[in-house]
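Here is the file structure26.pdb (PDB, C-alpha atoms).
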```pdb
ATOM      1  CA  MET N   1     -14.620  10.902 -14.431
ATOM      2  CA  THR N   2     -14.062  14.630 -14.355
ATOM      3  CA  ILE N   3     -10.897  16.613 -13.669
ATOM      4  CA  GLU N   4     -11.409  19.682 -11.485
ATOM      5  CA  LEU N   5      -8.991  22.583 -11.060
ATOM      6  CA  HIS N   6      -8.397  23.900  -7.527
ATOM      7  CA  LYS N   7      -6.296  26.992  -6.755
ATOM      8  CA  ILE N   8      -4.509  27.469  -3.438
ATOM      9  CA  SER N   9      -2.681  30.767  -2.765
ATOM     10  CA  VAL N  10      -0.183  31.082   0.081
ATOM     11  CA  THR N  11       0.863  34.436   1.531
ATOM     12  CA  THR N  12       4.031  34.361   3.622
ATOM     13  CA  THR N  13       5.030  36.464   6.624
ATOM     14  CA  GLY N  14       8.323  36.861   8.448
ATOM     15  CA  SER N  15      11.894  37.795   7.687
ATOM     16  CA  ALA N  16      13.567  37.582   4.296
ATOM     17  CA  GLY N  17      14.738  34.038   3.629
ATOM     18  CA  SER N  18      12.786  32.606   6.564
ATOM     19  CA  ALA N  19       9.195  33.746   5.977
ATOM     20  CA  SER N  20       6.528  31.062   5.969
ATOM     21  CA  GLY N  21       2.840  30.526   5.411
ATOM     22  CA  SER N  22       0.237  27.887   4.711
ATOM     23  CA  ALA N  23      -3.235  27.457   3.282
ATOM     24  CA  ILE N  24      -5.767  24.659   3.087
ATOM     25  CA  LYS N  25      -8.639  23.984   0.729
ATOM     26  CA  ALA N  26     -11.516  21.550   0.822
ATOM     27  CA  VAL N  27     -11.664  19.570  -2.411
ATOM     28  CA  PRO N  28     -13.581  16.512  -3.529
ATOM     29  CA  LYS N  29     -12.088  13.143  -2.687
ATOM     30  CA  GLY N  30     -10.311  11.773  -5.742
ATOM     31  CA  LYS N  31      -6.899  11.369  -7.348
ATOM     32  CA  ILE N  32      -4.353  14.122  -7.935
ATOM     33  CA  LYS N  33      -3.433  14.103 -11.613
ATOM     34  CA  ALA N  34      -1.181  17.176 -11.874
ATOM     35  CA  VAL N  35       0.126  20.191  -9.963
ATOM     36  CA  TYR N  36       1.333  23.529 -11.283
ATOM     37  CA  ILE N  37       3.376  25.707  -8.901
ATOM     38  CA  ASP N  38       3.467  29.431  -9.730
ATOM     39  CA  TYR N  39       5.995  31.402  -7.661
ATOM     40  CA  ASN N  40       5.811  35.143  -7.033
ATOM     41  CA  ALA N  41       8.453  36.854  -9.194
ATOM     42  CA  SER N  42      10.111  38.116  -5.973
ATOM     43  CA  ALA N  43      10.285  34.710  -4.243
ATOM     44  CA  PRO N  44      13.830  33.714  -3.281
ATOM     45  CA  ALA N  45      15.535  30.586  -4.633
ATOM     46  CA  THR N  46      15.428  29.144  -1.089
ATOM     47  CA  THR N  47      11.627  28.738  -1.171
ATOM     48  CA  ASP N  48      10.283  25.339  -0.064
ATOM     49  CA  VAL N  49       6.777  24.135  -0.975
ATOM     50  CA  THR N  50       5.061  21.085   0.545
ATOM     51  CA  ILE N  51       1.690  19.813  -0.672
ATOM     52  CA  LYS N  52      -0.263  17.315   1.442
ATOM     53  CA  SER N  53      -3.475  15.368   1.286
ATOM     54  CA  GLU N  54      -4.767  15.998   4.805
ATOM     55  CA  ALA N  55      -6.555  13.546   7.082
ATOM     56  CA  ASP N  56     -10.267  13.925   7.680
ATOM     57  CA  SER N  57     -11.581  15.509  10.888
ATOM     58  CA  THR N  58     -10.894  12.299  12.858
ATOM     59  CA  GLY N  59      -7.231  12.223  11.801
ATOM     60  CA  VAL N  60      -7.646   8.869  10.077
ATOM     61  CA  PRO N  61      -6.012   7.999   7.815
ATOM     62  CA  PRO N  62      -3.043  10.273   8.498
ATOM     63  CA  ASP N  63      -1.755  13.048   6.215
ATOM     64  CA  VAL N  64       0.137  12.052   3.081
ATOM     65  CA  THR N  65       2.809  14.248   1.506
ATOM     66  CA  VAL N  66       1.999  14.505  -2.188
ATOM     67  CA  LEU N  67       4.881  16.708  -3.345
ATOM     68  CA  THR N  68       7.825  18.542  -1.800
ATOM     69  CA  ARG N  69       9.790  21.091  -3.812
ATOM     70  CA  SER N  70      12.834  22.482  -2.018
ATOM     71  CA  ASP N  71      15.018  25.493  -2.737
ATOM     72  CA  SER N  72      13.316  26.669  -5.900
ATOM     73  CA  LYS N  73      11.497  29.637  -7.372
ATOM     74  CA  THR N  74      10.976  28.215 -10.850
ATOM     75  CA  ASP N  75       7.372  27.767 -11.962
ATOM     76  CA  GLY N  76       6.538  24.317 -13.226
ATOM     77  CA  TRP N  77       4.261  21.360 -13.859
ATOM     78  CA  PHE N  78       4.536  18.266 -11.685
ATOM     79  CA  TYR N  79       2.854  14.869 -11.877
ATOM     80  CA  PRO N  80       3.229  13.338  -8.401
ATOM     81  CA  LYS N  81       2.961   9.576  -7.970
ATOM     82  CA  VAL N  82       3.023   7.083  -5.098
ATOM     83  CA  GLN N  83       4.572   3.642  -5.247
ATOM     84  CA  VAL N  84       2.191   0.715  -5.698
ATOM     85  CA  HIS N  85       2.323  -2.255  -3.297
ATOM     86  CA  ASP N  86       1.257  -5.842  -3.856
ATOM     87  CA  ASN N  87      -1.198  -7.654  -1.572
ATOM     88  CA  ALA N  88       1.710  -8.724   0.682
ATOM     89  CA  ALA N  89       2.605  -5.023   1.216
ATOM     90  CA  ALA N  90       5.801  -5.264  -0.842
ATOM     91  CA  ALA N  91       6.641  -2.322  -3.073
ATOM     92  CA  VAL N  92       6.224  -3.165  -6.750
ATOM     93  CA  THR N  93       9.364  -2.032  -8.560
ATOM     94  CA  GLY N  94       8.646   0.634 -11.144
ATOM     95  CA  ALA N  95       4.876   0.702 -10.483
ATOM     96  CA  TYR N  96       3.300   4.021  -9.478
ATOM     97  CA  ASP N  97      -0.192   5.497  -9.237
ATOM     98  CA  ASP N  98      -1.788   8.876  -8.589
ATOM     99  CA  PRO N  99      -1.980   9.993  -4.924
ATOM    100  CA  VAL N 100      -5.447  10.031  -3.376
ATOM    101  CA  VAL N 101      -7.152  12.985  -1.701
ATOM    102  CA  HIS N 102      -8.537  10.822   1.096
ATOM    103  CA  GLY N 103      -9.793  13.413   3.599
ATOM    104  CA  GLY N 104     -11.156  15.961   1.146
ATOM    105  CA  VAL N 105      -8.561  18.579   2.119
ATOM    106  CA  ILE N 106      -5.297  19.660   0.479
ATOM    107  CA  SER N 107      -2.744  21.835   2.279
ATOM    108  CA  VAL N 108       0.153  23.869   0.913
ATOM    109  CA  THR N 109       2.968  24.986   3.225
ATOM    110  CA  VAL N 110       5.701  27.423   2.201
ATOM    111  CA  ALA N 111       8.960  27.962   4.105
ATOM    112  CA  GLN N 112      12.311  29.748   3.672
ATOM    113  CA  ALA N 113      10.696  32.468   1.564
ATOM    114  CA  ASP N 114      10.352  36.240   1.814
ATOM    115  CA  ALA N 115       7.234  37.987   3.134
ATOM    116  CA  LEU N 116       5.048  38.133   0.016
ATOM    117  CA  ALA N 117       1.364  38.251  -0.860
ATOM    118  CA  ASP N 118       0.678  35.168  -2.971
ATOM    119  CA  CYS N 119       4.254  33.967  -2.552
ATOM    120  CA  VAL N 120       3.140  30.729  -4.159
ATOM    121  CA  VAL N 121      -0.037  29.863  -6.047
ATOM    122  CA  VAL N 122      -0.631  26.138  -6.524
ATOM    123  CA  TYR N 123      -3.043  24.779  -9.113
ATOM    124  CA  ILE N 124      -4.096  21.197  -8.371
ATOM    125  CA  PHE N 125      -5.963  19.032 -10.849
ATOM    126  CA  VAL N 126      -8.107  16.407  -9.085
ATOM    127  CA  GLU N 127      -9.896  13.584 -10.882
ATOM    128  CA  VAL N 128     -13.257  12.964  -9.187
TER     129      VAL N 128
END
```

Let me see the structure of the file written as structure tokens.
Amino acid sequence: MTIELHKISVTTTGSAGSASGSAIKAVPKGKIKAVYIDYNASAPATTDVTIKSEADSTGVPPDVTVLTRSDSKTDGWFYPKVQVHDNAAAAVTGAYDDPVVHGGVISVTVAQADALADCVVVYIFVEV
């Protein structure tokens, strides 16, 4: 297995404290191992970032939220996980696995920011 780095930059437009923007990127199907969020130095502390694994062109299976970071402007590493379920669909306490990029597309949405070029740059490491 190989880990690939994918960069997604989001430019925001709108009023200070309520500007928003989004970007999508086609990536290979695989598992998300790590995410690094790099905020513009001028981003406000109210900035929200949502990262999703998007559905394929048919909409099946539906989008999955991989990571949501609210009210922050601090750069950082994140290792998102999803809870594991047993074969009876019961959540297994304390058991987690890497989220899957099931449709081959990752989206990043930014809200409550200021109007900035590259308000947020997200680096996503996908194991393929």

Name the residues that the PyMOL selection byres ((chain N and resi 22-29) around 9) picks from the file above, as a list in words, using the file's chain letters and numbers.
Glu4, His6, Lys7, Ile8, Ser9, Val10, Thr11, Thr12, Ser20, Gly21, Gly30, Lys31, Glu54, Val100, Val101, His102, Gly103, Gly104, Val105, Ile106, Ser107, Val108, Thr109, Val110, Ala111, Val126, Glu127 and Val128 of chain N

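Take the candidates N:Thr50, N:Ile3, N:Pro44, N:Ile37 and check each one against Leu116 in chain N using all atoms listed in the file; the shortest distance goes to N:Pro44.
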
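Closest approach to Gln83 in chain N among N:Pro99, N:Ile32, N:Leu5, N:Asn40: N:Pro99, based on all atoms listed in the file.
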
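Here CA of Pro62 in chain N is placed at a distance of 21.2 Å from CA of Val35 in chain N.
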
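Residues with any atom within 6 Å of range 72-82 of chain N, counting only C-alpha atoms and excluding same-chain neighbours fewer than 4 positions away, are Ala34, Val35, Tyr36, Ile37, Asp38, Tyr39, Ala45, Thr46, Thr47, Tyr96, Asp97, Asp98 and Pro99 of chain N.
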
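Taking CA of Pro61 in chain N and CA of Asn87 in chain N as the two end points, the separation is 18.9 Å.
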
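Across the model, the gap from CA of Gly17 in chain N to CA of Asp114 in chain N is 5.2 Å.
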
Test item: the PyMOL selection byres ((chain N and resi 66) around 7) resolved as a PyMOL selection string
chain N and resi 51-53+64-65+67+80+99

Go ahead and fit an axis-aligned box to every listed atom of range 44-50 of chain N plus 4 Å each side, and pass me the centre and edge lengths in Å, one decimal, as JSON.
```
{"center_x": 10.3, "center_y": 27.4, "center_z": -2.0, "size_x": 18.5, "size_y": 20.6, "size_z": 13.2}
```
